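Chemist: Okay, here's the structure, questions in a sec.
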Amino acid sequence: KDILEMLKKAGLDGKVEFTGSAKYHAFLPLLGEDDIRRQIIANNETCKYYLGEAYRPRGFFPPEMAYSQKFISVVESLGFEWIILDEIALNGEPGKVDYSKLYKIKGTKMNAFFRERRLSNLIMSAVVRSKETLNEAMREDLTSDRYIVTAMDGETFGHHRPGLEKMLFEILDTTDLSLATISDLLSEKREVIEIDPIASTWASSENDIDQ
């Protein structure tokens, strides 16, 4: 209960932004619309029960960042404003996202934010283990006007990678970086590009996309 209370306070204080997802971690592109809706609603109900007013999700995190066009209308109809996807979902090739711009999914009001694969994987693999090594990995980014989105499973910090939670706490306490929630980025004046993301997951390779 102490962890739930800390998360609740962090949400109410604006230090954490919670997202929606599918309660049972289902692979959404393979489900029918009714099941997709049921999973998302069940997740919302459970999170609301435990987090109360702190749970006000504007964004959606699909399990495994698995995306297909078939379920975006369901996500939008449930009130979400943005979705997070892996950068390969932009056009099937990593490294093509312009992080100085914002992206909107064609035919919807939904924004898409793309996880930067390189930095996320450096953290997930524990190649980056401290604020200093993170700064080194981000050296070119720190002098640019681009934003950076990293994403990984929560158990990366301390479970899969024992000790890595210390780096997470260092980052959250640092004054060197300008930390922002994804929804904060929506209020920035940036060029918005309309896109049609392709079916993929955060583990997809270019070969997977070709096949």
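Order determines the names: the first chain of the structure tokens is A, the second B, and so forth; residues in each chain are numbered 1 upward, and ligands are numbered 1 upward as they are shown.
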Among chain A, which ones does DSSP place in strand (DSSP E or B), written as a VMD selection string?

Modeler: chain A and resid 20 59 to 60 67 82 to 86 102 to 105 111 to 115 157 161 192 to 195 200

Chemist: Env of segment 102-107 of chain A: 8 Å cut, atoms = only C-alpha atoms, seq-sep filter 4 positions within chain, self excluded. Answer as a list in words.

Modeler: Asn111, Ala112, Phe113, Leu186, Arg190, Glu191, Val192, Ile193, Glu194, Ile195, Asp196 and Pro197 of chain A

Chemist: List every residue of segment 86-117 of chain A that has an atom at most 12 Å from any atom of segment 128-149 of chain A, and for each one report the closest atom pair and its distance in Å to one decimal, counting only C-alpha atoms, with rows sorted by chain and then by increasing residue number, as a Markdown table.

Modeler:
| residue | atom | partner | partner_atom | distance |
| --- | --- | --- | --- | --- |
| A:Asp86 | CA | A:Val149 | CA | 9.8 |
| A:Glu87 | CA | A:Val149 | CA | 9.9 |
| A:Val97 | CA | A:Ile148 | CA | 10.6 |
| A:Asp98 | CA | A:Arg146 | CA | 8.0 |
| A:Tyr99 | CA | A:Arg146 | CA | 5.1 |
| A:Ser100 | CA | A:Arg146 | CA | 4.4 |
| A:Lys101 | CA | A:Arg146 | CA | 8.0 |
| A:Leu102 | CA | A:Tyr147 | CA | 10.0 |
| A:Ala112 | CA | A:Val149 | CA | 11.5 |
| A:Phe113 | CA | A:Val149 | CA | 7.7 |
| A:Phe114 | CA | A:Val149 | CA | 6.7 |
| A:Arg115 | CA | A:Val149 | CA | 5.1 |
| A:Glu116 | CA | A:Val149 | CA | 5.7 |
| A:Arg117 | CA | A:Val149 | CA | 9.0 |

Chemist: Within 9 Å of Ala22 of chain A, counting only C-alpha atoms, which residues qualify if same-chain residues fewer than 4 places away don't, as a list in words?

Modeler: Ala26, Phe27, Leu28, Ile36, Arg37, Arg38, Gln39, Ile40, Ile41, Ala42, Asn43, Asn44, Phe61, Pro62 and Pro63 of chain A

Chemist: Keeping all heavy atoms for every residue in the selection just given, could you write it to a file as a CSV table (one decimal), in the first residue's frame?

Modeler:
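Result saved to part00.csv:
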chain,number,residue,atom,x,y,z
A,26,ALA,N,-3.0,-8.0,-23.2
A,26,ALA,CA,-3.3,-8.7,-24.5
A,26,ALA,C,-2.6,-8.0,-25.7
A,26,ALA,O,-2.4,-6.8,-25.6
A,26,ALA,CB,-4.8,-8.7,-24.7
A,27,PHE,N,-2.4,-8.8,-26.7
A,27,PHE,CA,-1.8,-8.3,-27.9
A,27,PHE,C,-3.0,-7.7,-28.8
A,27,PHE,O,-3.7,-8.5,-29.5
A,27,PHE,CB,-1.1,-9.4,-28.7
A,27,PHE,CG,-0.1,-8.9,-29.7
A,27,PHE,CD1,1.1,-8.5,-29.3
A,27,PHE,CD2,-0.5,-9.0,-31.1
A,27,PHE,CE1,2.0,-8.0,-30.3
A,27,PHE,CE2,0.4,-8.6,-32.0
A,27,PHE,CZ,1.7,-8.1,-31.7
A,28,LEU,N,-3.2,-6.4,-28.7
A,28,LEU,CA,-4.5,-5.8,-29.2
A,28,LEU,C,-4.7,-6.0,-30.7
A,28,LEU,O,-5.9,-6.2,-31.0
A,28,LEU,CB,-4.5,-4.3,-28.8
A,28,LEU,CG,-4.5,-4.0,-27.3
A,28,LEU,CD1,-4.7,-2.5,-27.0
A,28,LEU,CD2,-5.6,-4.8,-26.6
A,36,ILE,N,-11.1,-5.5,-27.2
A,36,ILE,CA,-10.2,-4.4,-27.0
A,36,ILE,C,-10.8,-3.4,-26.1
A,36,ILE,O,-10.2,-2.9,-25.1
A,36,ILE,CB,-9.8,-3.7,-28.4
A,36,ILE,CG1,-9.0,-4.7,-29.2
A,36,ILE,CG2,-9.1,-2.4,-28.1
A,36,ILE,CD1,-8.8,-4.2,-30.7
A,37,ARG,N,-12.0,-3.0,-26.3
A,37,ARG,CA,-12.8,-2.1,-25.5
A,37,ARG,C,-12.9,-2.6,-24.0
A,37,ARG,O,-12.7,-1.9,-23.1
A,37,ARG,CB,-14.1,-1.8,-26.1
A,37,ARG,CG,-14.9,-0.7,-25.4
A,37,ARG,CD,-16.3,-0.5,-26.1
A,37,ARG,NE,-16.1,0.0,-27.4
A,37,ARG,CZ,-15.9,1.2,-27.8
A,37,ARG,NH1,-15.9,2.2,-26.8
A,37,ARG,NH2,-15.7,1.6,-29.1
A,38,ARG,N,-13.2,-3.9,-23.9
A,38,ARG,CA,-13.4,-4.5,-22.6
A,38,ARG,C,-12.1,-4.4,-21.8
A,38,ARG,O,-12.1,-4.1,-20.6
A,38,ARG,CB,-13.9,-5.9,-22.7
A,38,ARG,CG,-14.0,-6.6,-21.4
A,38,ARG,CD,-14.5,-8.1,-21.6
A,38,ARG,NE,-13.5,-8.9,-22.3
A,38,ARG,CZ,-12.5,-9.5,-21.7
A,38,ARG,NH1,-12.3,-9.3,-20.4
A,38,ARG,NH2,-11.7,-10.2,-22.5
A,39,GLN,N,-11.0,-4.7,-22.4
A,39,GLN,CA,-9.7,-4.7,-21.7
A,39,GLN,C,-9.3,-3.3,-21.3
A,39,GLN,O,-8.8,-3.1,-20.2
A,39,GLN,CB,-8.6,-5.2,-22.7
A,39,GLN,CG,-8.7,-6.7,-23.0
A,39,GLN,CD,-7.5,-7.5,-22.4
A,39,GLN,OE1,-6.6,-6.9,-21.8
A,39,GLN,NE2,-7.5,-8.7,-22.7
A,40,ILE,N,-9.5,-2.3,-22.1
A,40,ILE,CA,-9.2,-0.9,-21.8
A,40,ILE,C,-10.0,-0.4,-20.7
A,40,ILE,O,-9.5,0.2,-19.7
A,40,ILE,CB,-9.3,0.0,-23.0
A,40,ILE,CG1,-8.3,-0.5,-24.1
A,40,ILE,CG2,-9.0,1.4,-22.6
A,40,ILE,CD1,-8.4,0.2,-25.4
A,41,ILE,N,-11.3,-0.7,-20.7
A,41,ILE,CA,-12.3,-0.2,-19.7
A,41,ILE,C,-11.9,-0.9,-18.4
A,41,ILE,O,-11.9,-0.2,-17.3
A,41,ILE,CB,-13.7,-0.5,-20.1
A,41,ILE,CG1,-14.1,0.5,-21.3
A,41,ILE,CG2,-14.7,-0.3,-18.9
A,41,ILE,CD1,-15.5,0.2,-21.9
A,42,ALA,N,-11.7,-2.2,-18.4
A,42,ALA,CA,-11.3,-2.9,-17.2
A,42,ALA,C,-10.0,-2.3,-16.5
A,42,ALA,O,-10.0,-2.2,-15.3
A,42,ALA,CB,-11.1,-4.4,-17.4
A,43,ASN,N,-9.1,-2.0,-17.3
A,43,ASN,CA,-7.8,-1.4,-16.8
A,43,ASN,C,-8.1,0.0,-16.2
A,43,ASN,O,-7.6,0.3,-15.1
A,43,ASN,CB,-6.8,-1.2,-18.0
A,43,ASN,CG,-5.5,-0.7,-17.5
A,43,ASN,OD1,-4.8,-1.5,-16.8
A,43,ASN,ND2,-5.2,0.5,-17.8
A,44,ASN,N,-8.9,0.8,-16.9
A,44,ASN,CA,-9.3,2.1,-16.3
A,44,ASN,C,-10.0,2.0,-15.0
A,44,ASN,O,-9.7,2.7,-14.0
A,44,ASN,CB,-10.2,2.8,-17.3
A,44,ASN,CG,-9.5,3.5,-18.5
A,44,ASN,OD1,-8.3,3.7,-18.4
A,44,ASN,ND2,-10.2,3.8,-19.5
A,61,PHE,N,-0.9,3.4,-23.7
A,61,PHE,CA,0.3,2.6,-23.9
A,61,PHE,C,-0.1,1.2,-24.3
A,61,PHE,O,-0.5,0.4,-23.4
A,61,PHE,CB,1.1,2.6,-22.6
A,61,PHE,CG,2.5,2.0,-22.7
A,61,PHE,CD1,3.6,2.8,-22.2
A,61,PHE,CD2,2.8,0.8,-23.2
A,61,PHE,CE1,4.9,2.2,-22.2
A,61,PHE,CE2,4.0,0.2,-23.2
A,61,PHE,CZ,5.1,1.0,-22.8
A,62,PRO,N,-0.1,0.8,-25.6
A,62,PRO,CA,-0.5,-0.5,-25.9
A,62,PRO,C,0.5,-1.5,-25.5
A,62,PRO,O,1.7,-1.3,-25.6
A,62,PRO,CB,-0.6,-0.4,-27.5
A,62,PRO,CG,0.3,0.6,-27.9
A,62,PRO,CD,0.3,1.6,-26.7
A,63,PRO,N,0.1,-2.7,-25.0
A,63,PRO,CA,1.1,-3.7,-24.6
A,63,PRO,C,2.0,-4.0,-25.7
A,63,PRO,O,1.6,-4.2,-26.9
A,63,PRO,CB,0.2,-4.9,-24.2
A,63,PRO,CG,-1.1,-4.3,-23.8
A,63,PRO,CD,-1.3,-3.1,-24.6

Chemist: For Thr19 of chain A, work out the shell of residues within 9 Å, counting only C-alpha atoms and skipping chain neighbours fewer than 6 positions away, then give it as a list of chain:residue names.

Modeler: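 In the requested format, the answer is A:Tyr55, A:Arg56, A:Pro57, A:Arg58, A:Gly59, A:Phe60, A:Phe61.
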
Chemist: Create the file for the chosen residues now, containing N, CA, C and O atoms and written as a PDB file, in the first residue's frame.

Modeler:
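And here is the file that came out, result12.pdb:
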ATOM      1  N   TYR A  55      -5.460   9.236 -11.218  1.00  0.00           N
ATOM      2  CA  TYR A  55      -5.510   8.530 -12.503  1.00  0.00           C
ATOM      3  C   TYR A  55      -6.418   9.294 -13.458  1.00  0.00           C
ATOM      4  O   TYR A  55      -7.638   9.194 -13.408  1.00  0.00           O
ATOM      5  N   ARG A  56      -5.781  10.101 -14.313  1.00  0.00           N
ATOM      6  CA  ARG A  56      -6.493  10.899 -15.309  1.00  0.00           C
ATOM      7  C   ARG A  56      -5.792  10.723 -16.653  1.00  0.00           C
ATOM      8  O   ARG A  56      -5.161  11.653 -17.165  1.00  0.00           O
ATOM      9  N   PRO A  57      -5.845   9.530 -17.233  1.00  0.00           N
ATOM     10  CA  PRO A  57      -5.017   9.247 -18.407  1.00  0.00           C
ATOM     11  C   PRO A  57      -5.466   9.987 -19.663  1.00  0.00           C
ATOM     12  O   PRO A  57      -6.627   9.928 -20.051  1.00  0.00           O
ATOM     13  N   ARG A  58      -4.527  10.687 -20.277  1.00  0.00           N
ATOM     14  CA  ARG A  58      -4.760  11.314 -21.580  1.00  0.00           C
ATOM     15  C   ARG A  58      -4.139  10.467 -22.686  1.00  0.00           C
ATOM     16  O   ARG A  58      -4.511  10.576 -23.855  1.00  0.00           O
ATOM     17  N   GLY A  59      -3.175   9.647 -22.308  1.00  0.00           N
ATOM     18  CA  GLY A  59      -2.449   8.852 -23.291  1.00  0.00           C
ATOM     19  C   GLY A  59      -2.678   7.364 -23.123  1.00  0.00           C
ATOM     20  O   GLY A  59      -3.158   6.896 -22.087  1.00  0.00           O
ATOM     21  N   PHE A  60      -2.291   6.619 -24.157  1.00  0.00           N
ATOM     22  CA  PHE A  60      -2.499   5.172 -24.182  1.00  0.00           C
ATOM     23  C   PHE A  60      -1.198   4.463 -24.522  1.00  0.00           C
ATOM     24  O   PHE A  60      -0.508   4.832 -25.479  1.00  0.00           O
ATOM     25  N   PHE A  61      -0.875   3.432 -23.725  1.00  0.00           N
ATOM     26  CA  PHE A  61       0.344   2.631 -23.915  1.00  0.00           C
ATOM     27  C   PHE A  61      -0.095   1.208 -24.273  1.00  0.00           C
ATOM     28  O   PHE A  61      -0.471   0.433 -23.393  1.00  0.00           O
TER      29      PHE A  61
END

Chemist: From the set A:Ala54, A:Glu188, A:Ser204, A:Leu177, which residue has the shortest atom-to-atom contact distance to Lys9 of chain A, counting only C-alpha atoms?

Modeler: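 With only C-alpha atoms as the atom set, the closest residue is A:Ala54.
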
Chemist: If I take atom CA of Ala199 of chain A and atom CA of Thr150 of chain A, how far is one from the other in Å, to one decimal?

Modeler: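 Atom CA of Ala199 of chain A sits 19.9 Å away from atom CA of Thr150 of chain A.
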
Chemist: Please identify which residues in segment 59-179 of chain A DSSP calls helix (DSSP H, G or I) from the backbone, and express them as JSON, numbers by chain.

Modeler: {"A": [63, 64, 65, 69, 70, 71, 72, 73, 74, 75, 76, 77, 87, 88, 89, 117, 118, 119, 120, 121, 122, 123, 124, 131, 132, 133, 134, 135, 136, 137, 141, 142, 143, 154, 155, 156, 165, 166, 167, 168, 169, 170, 171, 172, 173]}

Chemist: Hey, can you spit out that residue selection with N, CA and C atoms as a CSV table (one decimal), in the first residue's frame?

Modeler:
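The result, stored in out_30.csv:
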chain,number,residue,atom,x,y,z
A,63,PRO,N,0.1,-2.7,-25.0
A,63,PRO,CA,1.1,-3.7,-24.6
A,63,PRO,C,2.0,-4.0,-25.7
A,64,GLU,N,3.3,-4.1,-25.4
A,64,GLU,CA,4.4,-4.4,-26.4
A,64,GLU,C,4.5,-3.3,-27.5
A,65,MET,N,3.8,-2.2,-27.2
A,65,MET,CA,3.7,-1.1,-28.2
A,65,MET,C,3.2,-1.7,-29.6
A,69,GLN,N,-3.9,-0.3,-37.3
A,69,GLN,CA,-4.9,0.8,-37.5
A,69,GLN,C,-6.3,0.4,-37.0
A,70,LYS,N,-6.6,-0.9,-36.8
A,70,LYS,CA,-7.9,-1.4,-36.5
A,70,LYS,C,-8.4,-1.0,-35.1
A,71,PHE,N,-7.5,-0.7,-34.2
A,71,PHE,CA,-7.9,-0.4,-32.8
A,71,PHE,C,-7.8,1.0,-32.4
A,72,ILE,N,-7.2,1.9,-33.3
A,72,ILE,CA,-7.0,3.3,-32.9
A,72,ILE,C,-8.4,4.0,-32.7
A,73,SER,N,-9.4,3.6,-33.5
A,73,SER,CA,-10.7,4.3,-33.3
A,73,SER,C,-11.3,3.9,-32.0
A,74,VAL,N,-11.1,2.7,-31.5
A,74,VAL,CA,-11.6,2.3,-30.2
A,74,VAL,C,-10.9,3.1,-29.1
A,75,VAL,N,-9.6,3.3,-29.2
A,75,VAL,CA,-8.8,4.0,-28.2
A,75,VAL,C,-9.3,5.5,-28.2
A,76,GLU,N,-9.5,6.1,-29.4
A,76,GLU,CA,-9.9,7.5,-29.5
A,76,GLU,C,-11.3,7.6,-28.9
A,77,SER,N,-12.2,6.6,-29.1
A,77,SER,CA,-13.6,6.7,-28.7
A,77,SER,C,-13.7,6.7,-27.1
A,87,GLU,N,9.5,3.9,-32.6
A,87,GLU,CA,9.8,4.7,-33.8
A,87,GLU,C,9.7,4.0,-35.1
A,88,ILE,N,9.8,2.7,-35.1
A,88,ILE,CA,9.7,1.9,-36.3
A,88,ILE,C,8.3,2.0,-36.9
A,89,ALA,N,7.3,2.4,-36.1
A,89,ALA,CA,6.0,2.5,-36.6
A,89,ALA,C,5.8,3.7,-37.5
A,117,ARG,N,14.3,4.4,-29.9
A,117,ARG,CA,14.8,3.0,-29.7
A,117,ARG,C,16.2,2.9,-29.1
A,118,ARG,N,17.1,3.7,-29.7
A,118,ARG,CA,18.5,3.6,-29.3
A,118,ARG,C,18.7,3.9,-27.8
A,119,LEU,N,18.2,5.0,-27.3
A,119,LEU,CA,18.4,5.4,-25.9
A,119,LEU,C,17.6,4.5,-25.0
A,120,SER,N,16.4,4.1,-25.4
A,120,SER,CA,15.6,3.2,-24.6
A,120,SER,C,16.3,1.9,-24.4
A,121,ASN,N,16.9,1.3,-25.5
A,121,ASN,CA,17.6,0.0,-25.4
A,121,ASN,C,18.9,0.1,-24.6
A,122,LEU,N,19.5,1.3,-24.7
A,122,LEU,CA,20.8,1.4,-23.9
A,122,LEU,C,20.4,1.4,-22.4
A,123,ILE,N,19.3,1.9,-22.0
A,123,ILE,CA,18.8,1.9,-20.6
A,123,ILE,C,18.4,0.5,-20.3
A,124,MET,N,17.5,-0.1,-21.1
A,124,MET,CA,17.0,-1.5,-20.9
A,124,MET,C,18.1,-2.5,-20.7
A,131,LYS,N,23.6,8.6,-14.1
A,131,LYS,CA,23.3,9.9,-14.7
A,131,LYS,C,24.4,10.3,-15.6
A,132,GLU,N,25.6,10.0,-15.2
A,132,GLU,CA,26.8,10.4,-16.0
A,132,GLU,C,26.8,9.7,-17.4
A,133,THR,N,26.6,8.4,-17.3
A,133,THR,CA,26.6,7.6,-18.6
A,133,THR,C,25.4,7.9,-19.4
A,134,LEU,N,24.3,8.3,-18.8
A,134,LEU,CA,23.1,8.8,-19.6
A,134,LEU,C,23.4,10.1,-20.3
A,135,ASN,N,24.0,11.0,-19.6
A,135,ASN,CA,24.4,12.3,-20.2
A,135,ASN,C,25.4,12.1,-21.3
A,136,GLU,N,26.3,11.1,-21.2
A,136,GLU,CA,27.2,10.8,-22.3
A,136,GLU,C,26.5,10.3,-23.5
A,137,ALA,N,25.5,9.4,-23.3
A,137,ALA,CA,24.7,8.8,-24.4
A,137,ALA,C,23.8,9.8,-25.0
A,141,ASP,N,22.1,15.3,-28.0
A,141,ASP,CA,20.7,15.7,-27.7
A,141,ASP,C,20.6,16.9,-26.8
A,142,LEU,N,21.6,17.0,-25.8
A,142,LEU,CA,21.5,18.0,-24.8
A,142,LEU,C,21.7,19.4,-25.3
A,143,THR,N,22.2,19.6,-26.5
A,143,THR,CA,22.4,20.9,-27.1
A,143,THR,C,21.4,21.2,-28.2
A,154,GLY,N,8.4,-1.3,-16.5
A,154,GLY,CA,8.8,-0.8,-15.2
A,154,GLY,C,9.8,-1.7,-14.5
A,155,GLU,N,9.6,-3.0,-14.7
A,155,GLU,CA,10.5,-4.0,-14.0
A,155,GLU,C,11.9,-4.0,-14.5
A,156,THR,N,12.2,-3.1,-15.5
A,156,THR,CA,13.6,-2.9,-15.9
A,156,THR,C,14.4,-2.4,-14.8
A,165,GLU,N,17.5,0.9,-10.5
A,165,GLU,CA,16.5,1.8,-10.0
A,165,GLU,C,17.2,3.0,-9.4
A,166,LYS,N,18.5,2.9,-9.0
A,166,LYS,CA,19.2,4.0,-8.5
A,166,LYS,C,19.4,5.1,-9.5
A,167,MET,N,19.7,4.7,-10.8
A,167,MET,CA,19.8,5.7,-11.9
A,167,MET,C,18.5,6.4,-12.1
A,168,LEU,N,17.4,5.6,-12.0
A,168,LEU,CA,16.1,6.2,-12.2
A,168,LEU,C,15.8,7.3,-11.2
A,169,PHE,N,16.1,7.1,-9.9
A,169,PHE,CA,16.0,8.1,-8.9
A,169,PHE,C,16.9,9.3,-9.1
A,170,GLU,N,18.1,9.0,-9.6
A,170,GLU,CA,19.0,10.1,-9.9
A,170,GLU,C,18.5,11.0,-11.0
A,171,ILE,N,17.9,10.4,-12.0
A,171,ILE,CA,17.3,11.2,-13.1
A,171,ILE,C,16.2,12.1,-12.6
A,172,LEU,N,15.3,11.5,-11.8
A,172,LEU,CA,14.1,12.2,-11.3
A,172,LEU,C,14.5,13.3,-10.4
A,173,ASP,N,15.7,13.3,-9.7
A,173,ASP,CA,16.2,14.3,-8.8
A,173,ASP,C,17.0,15.4,-9.5

Chemist: For Ala180 of chain A, which residue out of A:Asp2, A:Tyr24, A:Val16, A:Ala10 is the nearest one, using only C-alpha atoms?

Modeler: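 Going through A:Asp2, A:Tyr24, A:Val16, A:Ala10 one by one, the smallest distance to Ala180 of chain A is for A:Val16.
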
Chemist: What does the distance from atom CA of His160 of chain A to atom CA of Ile198 of chain A come to in Å, to one decimal?

Modeler: 29.6 Å

Chemist: Hey, which of A:Gly79, A:Gly11, A:Pro29, A:Gly158 ends up closest to Tyr50 of chain A? Count only C-alpha atoms.

Modeler: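 When distances to Tyr50 of chain A are compared using only C-alpha atoms, the smallest one comes from A:Gly11.
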
Chemist: Choose the residue, out of A:Gly92, A:His25, A:Phe18, A:Gly52, that has the smallest atom-to-atom separation from Ser205 of chain A; count only C-alpha atoms.

Modeler: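 Smallest separation from Ser205 of chain A among the options: A:Gly92.
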
Chemist: Need the shell around Leu4 of chain A: protein/DNA/RNA residues with any atom at most 8 Å away, counting only C-alpha atoms. Skip same-chain ones fewer than 3 positions apart. Format as number ranges by chain?

Modeler: A: 1, 7-8, 50-51

Chemist: Could you please take those selected residues and save N, CA and C atoms as a CSV table (one decimal), in the first residue's frame?

Modeler:
chain,number,residue,atom,x,y,z
A,1,LYS,N,0.8,-1.2,0.0
A,1,LYS,CA,0.0,0.0,0.0
A,1,LYS,C,0.8,1.3,0.0
A,7,LEU,N,2.6,6.5,-5.4
A,7,LEU,CA,2.2,6.8,-6.8
A,7,LEU,C,1.0,7.7,-6.9
A,8,LYS,N,0.1,7.6,-6.0
A,8,LYS,CA,-1.1,8.4,-6.0
A,8,LYS,C,-0.6,9.9,-5.8
A,50,TYR,N,-7.6,2.1,-7.4
A,50,TYR,CA,-6.4,2.2,-6.6
A,50,TYR,C,-5.8,3.6,-6.5
A,51,LEU,N,-5.9,4.3,-7.6
A,51,LEU,CA,-5.2,5.6,-7.7
A,51,LEU,C,-6.1,6.8,-7.6

Chemist: For a test of reading the model, state the distance in Å between atom CA of Thr181 of chain A and atom CA of Ile84 of chain A, rounded to one decimal.

Modeler: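 According to the coordinates, atom CA of Thr181 of chain A and atom CA of Ile84 of chain A are separated by 12.1 Å.
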